[in-house]
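Trainee: See model_36.cif below, with mmCIF, C-alpha atoms.
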```cif
data_target
#
loop_
_atom_site.label_atom_id
_atom_site.label_comp_id
_atom_site.auth_asym_id
_atom_site.auth_seq_id
_atom_site.Cartn_x
_atom_site.Cartn_y
_atom_site.Cartn_z
CA MET F 88 0.00 0.00 0.00
CA ILE F 89 1.26 3.49 -0.84
CA ASN F 90 1.90 5.77 2.11
CA THR F 91 -0.86 8.38 2.06
CA SER F 92 1.63 11.23 2.16
CA VAL F 93 3.37 9.74 -0.86
CA GLY F 94 0.11 8.89 -2.57
CA ARG F 95 -1.26 12.42 -2.41
CA PRO F 96 1.09 13.95 -5.04
CA LEU F 97 0.89 10.76 -7.10
CA LEU F 98 -2.90 10.97 -7.12
CA ILE F 99 -2.67 14.60 -8.18
CA ALA F 100 -0.28 13.59 -10.96
CA ALA F 101 -2.69 10.86 -12.02
CA GLY F 102 -5.43 13.48 -12.07
CA LEU F 103 -3.37 15.64 -14.41
CA PHE F 104 -2.84 12.74 -16.78
CA LEU F 105 -6.54 11.81 -16.58
CA PHE F 106 -7.47 15.39 -17.36
CA THR F 107 -5.19 15.22 -20.38
CA PHE F 108 -6.72 11.91 -21.42
CA LEU F 109 -10.28 13.22 -21.20
CA PHE F 110 -9.33 16.22 -23.26
CA SER F 111 -7.53 14.38 -26.01
CA GLY F 112 -8.55 10.74 -26.05
CA VAL F 113 -4.91 9.60 -26.06
CA ALA F 114 -2.41 9.21 -23.23
CA PHE F 115 0.83 10.59 -24.61
CA ALA F 116 2.99 13.47 -23.37
CA GLN F 117 4.97 16.38 -24.70
CA LEU F 118 8.70 16.14 -24.24
CA GLU F 119 10.94 19.16 -24.51
CA ASN F 120 13.87 17.91 -26.58
CA THR F 121 17.06 19.99 -26.75
CA ASP F 122 18.49 17.59 -29.35
CA LEU F 123 15.80 18.68 -31.83
CA PRO F 124 15.32 22.38 -31.08
CA ASN F 125 13.55 23.14 -34.36
CA ARG F 126 10.98 20.36 -34.35
CA THR F 127 7.35 21.43 -34.60
CA GLY F 128 5.55 18.23 -33.68
CA PHE F 129 2.71 16.60 -35.54
CA LYS F 130 -0.65 18.35 -35.67
CA VAL F 131 -3.42 15.80 -35.11
CA SER F 132 -5.86 17.72 -37.30
CA ASP F 133 -3.57 17.02 -40.27
CA MET F 134 -4.86 13.44 -40.07
CA GLY F 135 -8.37 14.68 -40.79
CA LEU F 136 -9.45 14.42 -37.16
CA LYS F 137 -11.27 17.23 -35.37
CA ALA F 138 -8.61 17.83 -32.75
CA GLY F 139 -8.00 21.57 -32.88
CA ASP F 140 -4.36 22.53 -32.29
CA ILE F 141 -3.34 19.36 -30.44
CA ARG F 142 0.23 18.36 -31.29
CA LEU F 143 2.03 15.06 -30.78
CA HIS F 144 5.78 14.74 -30.27
CA GLY F 145 8.03 11.72 -30.38
CA ALA F 146 11.73 11.00 -30.60
CA VAL F 147 14.33 8.26 -30.28
CA LYS F 148 17.91 9.03 -29.25
CA THR F 149 20.69 6.47 -29.48
CA SER F 150 24.28 6.90 -28.35
CA GLU F 151 27.47 4.95 -27.89
CA GLU F 152 29.69 6.09 -25.04
CA PHE F 153 33.17 5.00 -24.01
CA GLU F 154 34.07 5.60 -20.36
CA THR F 155 37.50 5.05 -18.78
CA ASN F 156 36.45 4.78 -15.11
CA VAL F 157 33.03 3.18 -14.87
CA PHE F 158 33.07 2.81 -11.07
CA LEU F 159 34.74 6.20 -10.38
CA THR F 160 37.49 4.66 -8.24
CA PRO F 161 40.81 6.32 -7.30
CA SER F 162 42.81 3.51 -8.97
CA LYS F 163 42.40 0.43 -11.18
CA ASP F 164 40.10 2.16 -13.65
CA LYS F 165 37.52 -0.03 -15.36
CA PHE F 166 36.84 0.76 -19.04
CA ASP F 167 33.53 0.01 -20.73
CA GLY F 168 31.39 0.86 -23.71
CA ILE F 169 27.82 1.92 -22.95
CA THR F 170 24.93 1.84 -25.39
CA MET F 171 21.98 4.12 -24.61
CA VAL F 172 18.55 4.10 -26.27
CA SER F 173 16.11 6.82 -25.24
CA PRO F 174 12.55 6.82 -26.63
CA SER F 175 10.18 9.65 -25.72
CA ALA F 176 6.63 10.69 -26.54
CA GLY F 177 4.47 13.65 -25.72
CA ILE F 178 1.39 15.73 -26.34
CA GLU F 179 0.48 19.39 -25.90
CA ILE F 180 -3.10 20.58 -25.89
CA PRO F 181 -3.64 24.34 -26.22
CA PHE F 182 -7.11 25.73 -25.58
CA ARG F 183 -7.67 29.47 -25.80
CA LYS F 184 -4.72 30.97 -23.89
CA ASN F 185 -4.18 27.85 -21.81
CA MET F 186 -2.10 24.69 -22.15
CA VAL F 187 -2.22 21.08 -20.97
CA SER F 188 0.76 18.88 -21.69
CA ALA F 189 2.33 15.63 -20.58
CA ASP F 190 5.45 13.67 -21.45
CA TYR F 191 7.30 10.43 -20.88
CA GLU F 192 10.92 9.45 -21.50
CA ALA F 193 12.88 6.25 -20.89
CA ASP F 194 16.68 5.95 -20.93
CA VAL F 195 17.94 2.38 -21.42
CA TYR F 196 21.64 1.88 -20.51
CA MET F 197 23.42 -1.30 -21.66
CA TYR F 198 27.04 -1.97 -20.62
CA SER F 199 29.27 -4.07 -22.86
CA THR F 200 31.36 -5.61 -20.05
CA TYR F 201 29.83 -4.83 -16.67
CA HIS F 202 26.29 -6.03 -17.31
CA GLY F 203 25.38 -5.61 -13.66
CA GLU F 204 25.34 -1.85 -14.29
CA ASN F 205 22.54 -2.11 -16.88
CA HIS F 206 19.52 -0.07 -15.89
CA ILE F 207 16.54 1.89 -17.20
CA ASP F 208 15.64 5.42 -16.09
CA HIS F 209 12.10 6.78 -16.39
CA GLN F 210 10.66 10.28 -16.30
CA GLY F 211 7.06 11.45 -16.59
CA ARG F 212 5.53 14.91 -16.34
CA GLY F 213 2.08 16.45 -16.25
CA LEU F 214 1.49 20.18 -16.64
CA ILE F 215 -1.50 22.52 -16.65
CA GLU F 216 -1.10 26.24 -17.38
CA LEU F 217 -4.19 28.44 -17.04
CA ASN F 218 -3.95 32.07 -18.15
CA LEU F 219 -7.10 33.61 -16.70
CA THR F 220 -8.17 37.24 -17.05
CA ASP F 221 -6.31 38.39 -13.94
CA TYR F 222 -4.35 35.37 -12.73
CA LYS F 223 -1.94 32.76 -14.04
CA ILE F 224 -2.19 29.29 -12.50
CA GLN F 225 0.34 26.51 -13.03
CA ILE F 226 0.12 22.93 -11.74
CA LYS F 227 3.01 20.60 -12.46
CA ASP F 228 4.05 17.13 -11.37
CA THR F 229 7.29 15.38 -12.34
CA PHE F 230 8.22 11.80 -11.44
CA ARG F 231 11.68 10.31 -11.93
CA ASP F 232 12.79 6.72 -11.36
CA TYR F 233 16.51 6.79 -12.09
CA THR F 234 20.03 5.76 -11.09
CA ASP F 235 22.14 8.45 -9.42
CA ARG F 236 25.82 7.59 -9.19
CA ALA F 237 26.66 10.49 -6.86
CA ALA F 238 23.69 10.53 -4.49
CA ASP F 239 25.65 9.34 -1.44
CA GLU F 240 28.80 11.31 -2.35
CA ASN F 241 30.71 7.98 -2.51
CA SER F 242 30.21 7.39 -6.28
CA ARG F 243 27.93 4.37 -5.85
CA ARG F 244 25.08 3.97 -8.29
CA ILE F 245 21.92 4.35 -6.25
CA GLY F 246 18.34 3.93 -7.42
CA ARG F 247 16.16 6.94 -6.63
CA ASP F 248 12.49 7.78 -6.93
CA VAL F 249 11.76 11.49 -6.83
CA ASN F 250 8.30 12.99 -7.24
CA THR F 251 8.02 16.78 -7.35
CA PHE F 252 4.61 18.45 -7.27
CA ARG F 253 4.14 22.23 -7.50
CA ALA F 254 1.11 24.49 -7.73
CA SER F 255 1.35 28.28 -8.07
CA ILE F 256 -0.84 31.29 -8.74
CA GLY F 257 0.34 34.73 -9.78
CA ARG F 258 -0.87 38.09 -10.98
CA GLU F 259 0.59 41.31 -12.37
CA PHE F 260 -0.91 44.71 -11.41
CA THR F 261 -0.78 47.90 -13.51
CA ASN F 262 1.89 46.32 -15.70
CA LYS F 263 4.45 47.02 -12.94
CA PHE F 264 3.86 45.10 -9.73
CA GLY F 265 3.30 41.36 -9.55
CA PHE F 266 3.12 38.50 -7.09
CA GLU F 267 3.23 34.71 -7.04
CA VAL F 268 2.57 32.21 -4.26
CA GLY F 269 3.24 28.50 -4.52
CA TYR F 270 3.33 25.18 -2.74
CA SER F 271 5.71 22.29 -3.49
CA HIS F 272 5.80 18.73 -2.22
CA VAL F 273 8.88 16.56 -2.91
CA TRP F 274 9.09 12.84 -2.19
CA ASP F 275 12.65 11.45 -2.28
CA ALA F 276 13.29 7.69 -1.80
CA TYR F 277 16.39 5.52 -2.24
CA SER F 278 16.94 1.94 -3.34
CA PRO F 279 19.75 -0.26 -1.92
CA ALA F 280 23.16 0.09 -3.58
CA ASP F 281 26.10 -2.28 -4.03
CA ASP F 282 29.49 -1.06 -2.88
CA LEU F 283 32.82 -2.03 -4.45
CA ILE F 284 32.94 -5.37 -2.62
CA PHE F 285 29.37 -6.15 -3.61
CA GLN F 286 27.78 -5.61 -0.22
CA GLN F 287 24.39 -3.98 -0.14
CA VAL F 288 24.12 -0.53 1.41
CA SER F 289 20.62 0.66 2.31
CA TYR F 290 19.50 4.27 2.60
CA ALA F 291 15.86 3.60 3.48
CA ASP F 292 16.27 5.63 6.67
CA ARG F 293 17.02 8.70 4.49
CA ASP F 294 13.74 8.59 2.54
CA ARG F 295 12.07 11.95 3.09
CA PHE F 296 9.33 14.44 2.32
CA THR F 297 9.96 18.14 1.71
CA ASN F 298 7.09 20.63 1.86
CA ILE F 299 7.73 24.20 0.72
CA VAL F 300 5.59 27.34 0.70
CA ASP F 301 6.98 30.28 -1.26
CA GLY F 302 5.97 33.83 -2.10
CA THR F 303 7.41 36.34 -4.56
CA VAL F 304 6.75 40.05 -5.11
CA SER F 305 8.12 41.60 -8.31
CA TYR F 306 8.47 45.04 -9.86
CA ARG F 307 9.06 45.74 -13.55
CA ILE F 308 12.01 48.15 -13.89
CA MET F 309 12.33 47.80 -17.68
CA PRO F 310 9.96 46.59 -20.40
CA LYS F 311 11.49 43.09 -20.28
CA THR F 312 13.04 42.98 -16.79
CA HIS F 313 11.79 42.47 -13.24
CA ILE F 314 13.43 42.73 -9.86
CA PHE F 315 11.87 40.62 -7.13
CA ALA F 316 11.93 39.59 -3.47
CA GLU F 317 11.22 35.98 -2.52
CA ALA F 318 10.65 34.10 0.74
CA ASP F 319 10.63 30.29 1.03
CA LEU F 320 9.59 28.26 4.06
CA GLY F 321 10.45 24.55 3.93
CA PHE F 322 10.05 21.48 6.16
CA ILE F 323 12.05 18.24 5.71
CA ASN F 324 10.77 15.05 7.32
CA TYR F 325 12.48 11.62 7.33
CA TYR F 326 9.44 9.38 7.45
CA ASN F 327 11.14 5.96 7.65
CA SER F 328 13.29 6.64 10.70
CA SER F 329 13.44 8.94 13.70
CA ILE F 330 17.27 8.87 13.75
CA PRO F 331 18.16 11.34 10.94
CA PRO F 332 17.26 14.83 12.17
CA ASP F 333 14.27 16.57 10.59
CA SER F 334 14.66 20.25 9.81
CA TRP F 335 12.96 23.44 8.71
CA TYR F 336 14.40 26.39 6.79
CA ILE F 337 13.60 29.87 5.61
CA ASP F 338 15.15 31.64 2.61
CA ALA F 339 15.05 35.41 2.12
CA LEU F 340 16.08 36.24 -1.46
CA ILE F 341 16.25 39.11 -3.92
CA GLY F 342 16.88 38.79 -7.63
CA MET F 343 16.49 39.94 -11.21
CA LYS F 344 14.87 38.19 -14.16
CA GLY F 345 14.53 39.25 -17.79
CA ARG F 346 16.45 40.95 -20.58
CA PRO F 347 17.91 44.24 -19.30
CA THR F 348 19.80 44.80 -22.60
CA ASN F 349 19.69 43.25 -26.05
CA LYS F 350 22.82 41.28 -25.19
CA ILE F 351 22.06 40.08 -21.65
CA LEU F 352 19.48 37.58 -20.43
CA ILE F 353 19.44 37.14 -16.64
CA ASN F 354 17.71 34.96 -14.06
CA LEU F 355 19.65 35.26 -10.81
CA LYS F 356 18.70 35.39 -7.14
CA GLY F 357 20.55 35.28 -3.87
CA GLY F 358 20.14 35.92 -0.19
CA PHE F 359 20.27 34.24 3.18
CA ARG F 360 19.12 30.88 4.63
CA TYR F 361 18.57 29.70 8.16
CA GLN F 362 18.07 25.95 8.48
CA GLY F 363 17.47 24.47 11.91
CA TYR F 364 17.84 20.74 12.61
CA ASP F 365 16.28 18.65 15.37
CA GLN F 366 18.65 17.22 17.96
CA SER F 367 20.19 13.82 17.16
CA SER F 368 22.46 11.56 19.19
CA VAL F 369 23.69 9.74 16.06
CA TYR F 370 23.84 12.26 13.22
CA SER F 371 25.32 15.72 13.06
CA ASP F 372 22.61 18.25 13.90
CA LYS F 373 24.52 21.44 13.25
CA ASN F 374 22.32 24.24 11.89
CA TYR F 375 23.12 26.08 8.66
CA ILE F 376 23.22 29.87 8.66
CA GLY F 377 24.62 31.54 5.57
CA PRO F 378 24.21 32.84 2.03
CA VAL F 379 22.49 31.04 -0.85
CA VAL F 380 22.73 31.87 -4.56
CA MET F 381 21.16 30.31 -7.65
CA GLY F 382 20.76 31.22 -11.30
CA GLY F 383 22.92 32.90 -13.89
CA PHE F 384 23.02 34.97 -17.06
CA ASP F 385 23.61 34.67 -20.81
CA TYR F 386 25.73 37.19 -22.71
CA LEU F 387 25.17 37.38 -26.46
CA VAL F 388 28.64 38.30 -27.72
CA THR F 389 27.51 38.25 -31.36
CA LYS F 390 24.58 36.76 -33.23
CA LYS F 391 26.54 33.52 -33.42
CA ASP F 392 28.39 33.51 -30.09
CA THR F 393 26.91 33.13 -26.59
CA VAL F 394 28.51 32.88 -23.15
CA ASN F 395 26.45 31.32 -20.32
CA VAL F 396 27.43 31.70 -16.68
CA SER F 397 25.65 29.93 -13.80
CA LEU F 398 26.23 30.24 -10.06
CA GLU F 399 24.98 28.21 -7.12
CA ARG F 400 25.55 28.09 -3.40
CA GLY F 401 23.07 25.75 -1.77
CA VAL F 402 22.46 23.31 1.07
CA TYR F 403 21.53 19.70 0.38
CA GLU F 404 20.71 16.74 2.61
CA SER F 405 23.72 14.42 2.81
CA LEU F 406 24.04 10.62 2.79
CA TYR F 407 27.72 10.64 3.76
CA SER F 408 28.62 9.10 7.12
CA ASN F 409 26.64 10.85 9.89
CA MET F 410 26.43 14.21 8.11
CA ASN F 411 23.08 15.99 8.02
CA TYR F 412 23.89 18.29 5.09
CA LEU F 413 26.54 19.42 2.66
CA GLU F 414 27.13 22.88 1.27
CA ALA F 415 27.61 22.97 -2.52
CA ASN F 416 29.35 25.90 -4.22
CA ILE F 417 29.24 25.76 -8.02
CA VAL F 418 30.36 28.05 -10.81
CA ALA F 419 29.91 26.95 -14.43
CA MET F 420 30.49 28.53 -17.82
CA LYS F 421 29.87 27.50 -21.40
CA TYR F 422 30.63 29.10 -24.75
CA THR F 423 28.56 28.32 -27.84
CA HIS F 424 29.38 29.22 -31.44
CA LYS F 425 26.82 28.68 -34.19
CA PHE F 426 28.31 28.39 -37.65
CA ASN F 427 24.82 28.54 -39.17
CA ASN F 428 21.32 27.34 -38.31
CA LYS F 429 22.47 23.71 -38.59
CA MET F 430 25.87 23.43 -36.92
CA LEU F 431 27.28 24.52 -33.55
CA VAL F 432 30.21 23.81 -31.24
CA ARG F 433 30.29 24.29 -27.48
CA ALA F 434 32.99 24.31 -24.82
CA TYR F 435 32.10 24.22 -21.14
CA GLY F 436 33.53 23.81 -17.69
CA SER F 437 32.56 23.91 -14.04
CA TYR F 438 34.07 23.90 -10.58
CA GLN F 439 32.25 22.57 -7.52
CA LEU F 440 33.32 22.72 -3.89
CA ASN F 441 31.40 20.55 -1.42
CA LEU F 442 31.86 21.37 2.27
CA TYR F 443 30.74 19.29 5.26
CA PRO F 444 29.79 20.76 8.65
CA THR F 445 31.70 18.48 11.07
CA ALA F 446 34.75 16.21 11.13
CA THR F 447 34.72 12.49 10.30
CA ASN F 448 37.26 9.67 10.54
CA GLU F 449 38.53 8.10 7.33
CA SER F 450 41.38 5.55 7.61
CA GLY F 451 42.61 7.12 10.84
CA VAL F 452 42.47 10.70 9.51
CA ILE F 453 40.07 12.95 11.44
CA ASP F 454 39.07 16.11 9.61
CA LYS F 455 36.21 17.90 7.88
CA ARG F 456 35.65 16.43 4.44
CA TYR F 457 35.68 18.65 1.38
CA ASP F 458 35.52 17.74 -2.32
CA ASN F 459 36.85 19.69 -5.30
CA ILE F 460 35.11 18.59 -8.51
CA TYR F 461 36.31 19.81 -11.91
CA ASN F 462 34.51 19.20 -15.18
CA PHE F 463 35.56 20.20 -18.68
CA GLY F 464 34.09 19.25 -22.02
CA CYS F 465 33.20 20.12 -25.58
CA LEU F 466 30.68 19.03 -28.17
CA GLY F 467 29.75 19.51 -31.77
CA ARG F 468 26.17 19.16 -33.01
CA TYR F 469 24.81 19.05 -36.54
CA ASP F 470 21.09 19.42 -37.18
CA ILE F 471 20.92 17.40 -40.38
CA ARG F 472 17.19 17.97 -40.78
CA ARG F 473 14.51 19.50 -38.57
CA TRP F 474 13.76 15.96 -37.41
CA LEU F 475 17.32 14.55 -37.31
CA SER F 476 20.49 15.56 -35.43
CA ALA F 477 23.91 14.13 -34.56
CA GLU F 478 26.30 15.00 -31.73
CA LEU F 479 29.90 14.18 -30.79
CA ARG F 480 30.85 14.89 -27.17
CA TYR F 481 33.84 14.66 -24.79
CA ASP F 482 33.77 15.08 -20.98
CA TYR F 483 36.49 15.00 -18.35
CA THR F 484 35.68 14.93 -14.64
CA GLN F 485 38.13 14.95 -11.75
CA LYS F 486 37.34 14.79 -8.05
CA SER F 487 39.93 15.74 -5.44
CA SER F 488 38.78 15.12 -1.87
CA ARG F 489 40.23 15.73 1.58
CA PHE F 490 40.11 11.92 1.88
CA ALA F 491 41.93 10.27 -1.04
CA ILE F 492 39.60 7.27 -1.15
CA TYR F 493 37.03 9.53 -2.85
CA ASN F 494 39.38 10.83 -5.56
CA TYR F 495 38.87 9.83 -9.19
CA ALA F 496 39.38 10.93 -12.78
CA ASP F 497 37.07 9.94 -15.63
CA HIS F 498 37.04 10.46 -19.41
CA ARG F 499 33.92 9.96 -21.53
CA VAL F 500 33.50 10.15 -25.31
CA SER F 501 30.09 9.69 -26.92
CA LEU F 502 28.50 9.79 -30.35
CA SER F 503 24.73 10.16 -30.48
CA GLY F 504 21.93 10.64 -32.95
CA THR F 505 18.31 11.77 -32.45
CA ALA F 506 15.33 11.39 -34.77
CA GLY F 507 11.85 12.64 -34.02
CA PHE F 508 8.97 14.99 -34.76
#
```
What do you get writing this file as structure tokens?

Mentor:
Amino acid sequence: MINTSVGRPLLIAAGLFLFTFLFSGVAFAQLENTDLPNRTGFKVSDMGLKAGDIRLHGAVKTSEEFETNVFLTPSKDKFDGITMVSPSAGIEIPFRKNMVSADYEADVYMYSTYHGENHIDHQGRGLIELNLTDYKIQIKDTFRDYTDRAADENSRRIGRDVNTFRASIGREFTNKFGFEVGYSHVWDAYSPADDLIFQQVSYADRDRFTNIVDGTVSYRIMPKTHIFAEADLGFINYYNSSIPPDSWYIDALIGMKGRPTNKILINLKGGFRYQGYDQSSVYSDKNYIGPVVMGGFDYLVTKKDTVNVSLERGVYESLYSNMNYLEANIVAMKYTHKFNNKMLVRAYGSYQLNLYPTATNESGVIDKRYDNIYNFGCLGRYDIRRWLSAELRYDYTQKSSRFAIYNYADHRVSLSGTAGF
């Protein structure tokens, strides 16, 4: 039986899909596909059916990847070739100024040598957008069943189920002032993982709910740009165990969103968080008090060249040892050059610093853990047709930790192709 707290967002998601079904008579979904940016979908009315502006989307992506360090270990790298097949399907149903859409995607990973790593990831989404006379309402639910190789910060592949539900309502007054209030419910659950000596490690005690209420007030300072103030109040509850400490937090943020100039597109906010944890005799229960930042900006150097910068300083629940959270500090940049409307190249890189609140003992060394993670890569993509694209990609990732057992270096090269409508 599904836990009622888990079932509530799933029932809402089912309601969204049922609403879509009743409207369209088919249970597909619309999938946003960055590999086919120019696709237009298939209009159902072109088949002679009375279906208005309903559009269907579908795609299949295949790739072959070669990875030098499959298990992300500090030594004795294991090489493998990985075949990935990713089918997707979707539908979008506009009516008046409103939209209902849904999507589904599956990613099938097949390893040439280490067959025990084979897995399938799933993602589904339901979305309703209502643009009423005075208000805009959005209801969205996303479910992911996937394998996360970095969830416990020890590079194990861990199965995760994450369901994120959000409902919001907003309004703009006198073309200047605006507001939005929202509620989010996140269910996060873990499956057992195998460590390097094939012993199962369970994280069932870290399964949790997160409930968030947020409010934003905005002011238009330019025709295409807003400044805003935001407050978030969140509650985190570990429902399978009373040992990990529950917590609550409040964020006070200010930010800017829009296009202040013809060359700059910005969506950036930052401020302060207080997160208080319940007392625990087993886990660290240190509170977090400090700055948070999220977002970034795009700079259009020329019509063919774009620089993207993203920044993040955030707090995340940790699965490492007896830690209650980790602080992630991330800066990333990418440069894109378009030769024409069919071909582009991109270079990118990022640096991430993970900090832990208290000391732990690793192989007789007692200290606070920190991880430096570097990523560099490049890709070239060719949009052969509106419905067909190809991509060649290279990635290098290196992790340098306070404790050497978590260090690794990994190279990945992949060639992929996508076909769809």

Trainee: Mind pulling up the distance from atom CA of F:Ala506 to atom CA of F:Asp140?

Mentor: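 Spanning atom CA of F:Asp140 to atom CA of F:Ala506 is a straight-line distance of 22.8 Å.
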
Trainee: Closest to F:Tyr336 among F:Ser488, F:Asn354, F:Asn374, F:Ser162, using only C-alpha atoms?

Mentor: F:Asn374

Trainee: Any chance you could resolve the PyMOL selection byres ((chain F and resi 418) around 12) against this file and give the residues as a ChimeraX atom specification?

Mentor: /F:380-384,395-401,415-417,419-421,435-440,459-462

Trainee: By how many Å are atom CA of F:Asp301 and atom CA of F:Gly265 apart?

Mentor: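 Going from atom CA of F:Asp301 over to atom CA of F:Gly265, I get 14.3 Å.
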
Trainee: Using all atoms listed in the file, which residues of stretch 396-416 of chain F come within 10 Å of stretch 289-296 of chain F, and what is the closest atom pair for each, with the distance in Å to one decimal? Give it as a Markdown table, sorted by chain and residue number.

Mentor:
```
| residue | atom | partner | partner_atom | distance |
| --- | --- | --- | --- | --- |
| F:Glu404 | CA | F:Arg293 | CA | 9.0 |
| F:Ser405 | CA | F:Arg293 | CA | 9.0 |
| F:Leu406 | CA | F:Arg293 | CA | 7.5 |
```

Trainee: What does the file look like for those residues with C-alpha atoms, as a tab-separated table (two decimals), in the frame of the given file?

Mentor:
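After the write, result_12.tsv holds the following:
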```
chain	number	residue	atom	x	y	z
F	404	GLU	CA	20.71	16.74	2.61
F	405	SER	CA	23.72	14.42	2.81
F	406	LEU	CA	24.04	10.62	2.79
```

Trainee: Give me, as a PyMOL selection string, all polymer residues having an atom no more than 8 Å from F:Asn324, counting only C-alpha atoms and skipping those fewer than 2 positions away in the same chain.

Mentor: chain F and resi 295-297+322+326+333-334

Trainee: Given the selection you just returned, output its residues as a file containing C-alpha atoms, formatted as a tab-separated table (two decimals), in the coordinates of the input.

Mentor:
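Done, and the output landed in again-v3.tsv:
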```
chain	number	residue	atom	x	y	z
F	295	ARG	CA	12.07	11.95	3.09
F	296	PHE	CA	9.33	14.44	2.32
F	297	THR	CA	9.96	18.14	1.71
F	322	PHE	CA	10.05	21.48	6.16
F	326	TYR	CA	9.44	9.38	7.45
F	333	ASP	CA	14.27	16.57	10.59
F	334	SER	CA	14.66	20.25	9.81
```

Trainee: Select, from F:Glu204, F:Asp458, F:Asp275, F:Asp228, the residue with the minimum atom-to-atom distance to F:Arg244, counting all atoms listed in the file.

Mentor: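 Using all atoms listed in the file, the shortest distance to F:Arg244 belongs to F:Glu204.
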
Trainee: Spell out the residues picked by the PyMOL selection byres ((chain F and resi 343) around 12) here, as a PyMOL selection string.

Mentor: chain F and resi 303-309+311-317+340-342+344-347+351-357+381-384

Trainee: Residues as selected, C-alpha atoms, written as an mmCIF file, keeping the file's coordinate frame, can you do that?

Mentor:
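This is the output file selection-v6.cif:
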```cif
data_model
loop_
_atom_site.group_PDB
_atom_site.id
_atom_site.type_symbol
_atom_site.label_atom_id
_atom_site.label_comp_id
_atom_site.auth_asym_id
_atom_site.auth_seq_id
_atom_site.Cartn_x
_atom_site.Cartn_y
_atom_site.Cartn_z
ATOM 1 C CA THR F 303 7.410 36.340 -4.560
ATOM 2 C CA VAL F 304 6.750 40.050 -5.110
ATOM 3 C CA SER F 305 8.120 41.600 -8.310
ATOM 4 C CA TYR F 306 8.470 45.040 -9.860
ATOM 5 C CA ARG F 307 9.060 45.740 -13.550
ATOM 6 C CA ILE F 308 12.010 48.150 -13.890
ATOM 7 C CA MET F 309 12.330 47.800 -17.680
ATOM 8 C CA LYS F 311 11.490 43.090 -20.280
ATOM 9 C CA THR F 312 13.040 42.980 -16.790
ATOM 10 C CA HIS F 313 11.790 42.470 -13.240
ATOM 11 C CA ILE F 314 13.430 42.730 -9.860
ATOM 12 C CA PHE F 315 11.870 40.620 -7.130
ATOM 13 C CA ALA F 316 11.930 39.590 -3.470
ATOM 14 C CA GLU F 317 11.220 35.980 -2.520
ATOM 15 C CA LEU F 340 16.080 36.240 -1.460
ATOM 16 C CA ILE F 341 16.250 39.110 -3.920
ATOM 17 C CA GLY F 342 16.880 38.790 -7.630
ATOM 18 C CA LYS F 344 14.870 38.190 -14.160
ATOM 19 C CA GLY F 345 14.530 39.250 -17.790
ATOM 20 C CA ARG F 346 16.450 40.950 -20.580
ATOM 21 C CA PRO F 347 17.910 44.240 -19.300
ATOM 22 C CA ILE F 351 22.060 40.080 -21.650
ATOM 23 C CA LEU F 352 19.480 37.580 -20.430
ATOM 24 C CA ILE F 353 19.440 37.140 -16.640
ATOM 25 C CA ASN F 354 17.710 34.960 -14.060
ATOM 26 C CA LEU F 355 19.650 35.260 -10.810
ATOM 27 C CA LYS F 356 18.700 35.390 -7.140
ATOM 28 C CA GLY F 357 20.550 35.280 -3.870
ATOM 29 C CA MET F 381 21.160 30.310 -7.650
ATOM 30 C CA GLY F 382 20.760 31.220 -11.300
ATOM 31 C CA GLY F 383 22.920 32.900 -13.890
ATOM 32 C CA PHE F 384 23.020 34.970 -17.060
#
```

Trainee: Report as a ChimeraX atom specification the residues that result from applying the PyMOL selection byres ((chain F and resi 144) around 6) to the structure here.

Mentor: /F:117,128,143,145,176-178,508

Trainee: Nearest to F:Tyr443: which of F:Arg183, F:Lys373, F:Arg499, F:Arg468 is it, counting all atoms listed in the file?

Mentor: F:Lys373

Trainee: Quick one: of F:Ser368, F:Asn185, F:Thr127, F:Asn411, who's nearest to F:Leu217, counting all atoms listed in the file?

Mentor: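 Of all the options, F:Asn185 lies closest to F:Leu217.
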
Trainee: Please return as a PDB file with C-alpha atoms, keeping the file's coordinate frame every residue within 8 Å of (33.7, 1.2, -15.6), taking into account all atoms listed in the file and the file's own coordinates.

Mentor:
```pdb
ATOM      1  CA  GLU F 154      34.070   5.600 -20.360  1.00  0.00           C
ATOM      2  CA  THR F 155      37.500   5.050 -18.780  1.00  0.00           C
ATOM      3  CA  ASN F 156      36.450   4.780 -15.110  1.00  0.00           C
ATOM      4  CA  VAL F 157      33.030   3.180 -14.870  1.00  0.00           C
ATOM      5  CA  PHE F 158      33.070   2.810 -11.070  1.00  0.00           C
ATOM      6  CA  LEU F 159      34.740   6.200 -10.380  1.00  0.00           C
ATOM      7  CA  ASP F 164      40.100   2.160 -13.650  1.00  0.00           C
ATOM      8  CA  LYS F 165      37.520  -0.030 -15.360  1.00  0.00           C
ATOM      9  CA  PHE F 166      36.840   0.760 -19.040  1.00  0.00           C
ATOM     10  CA  ASP F 167      33.530   0.010 -20.730  1.00  0.00           C
ATOM     11  CA  TYR F 201      29.830  -4.830 -16.670  1.00  0.00           C
TER      12      TYR F 201
END
```
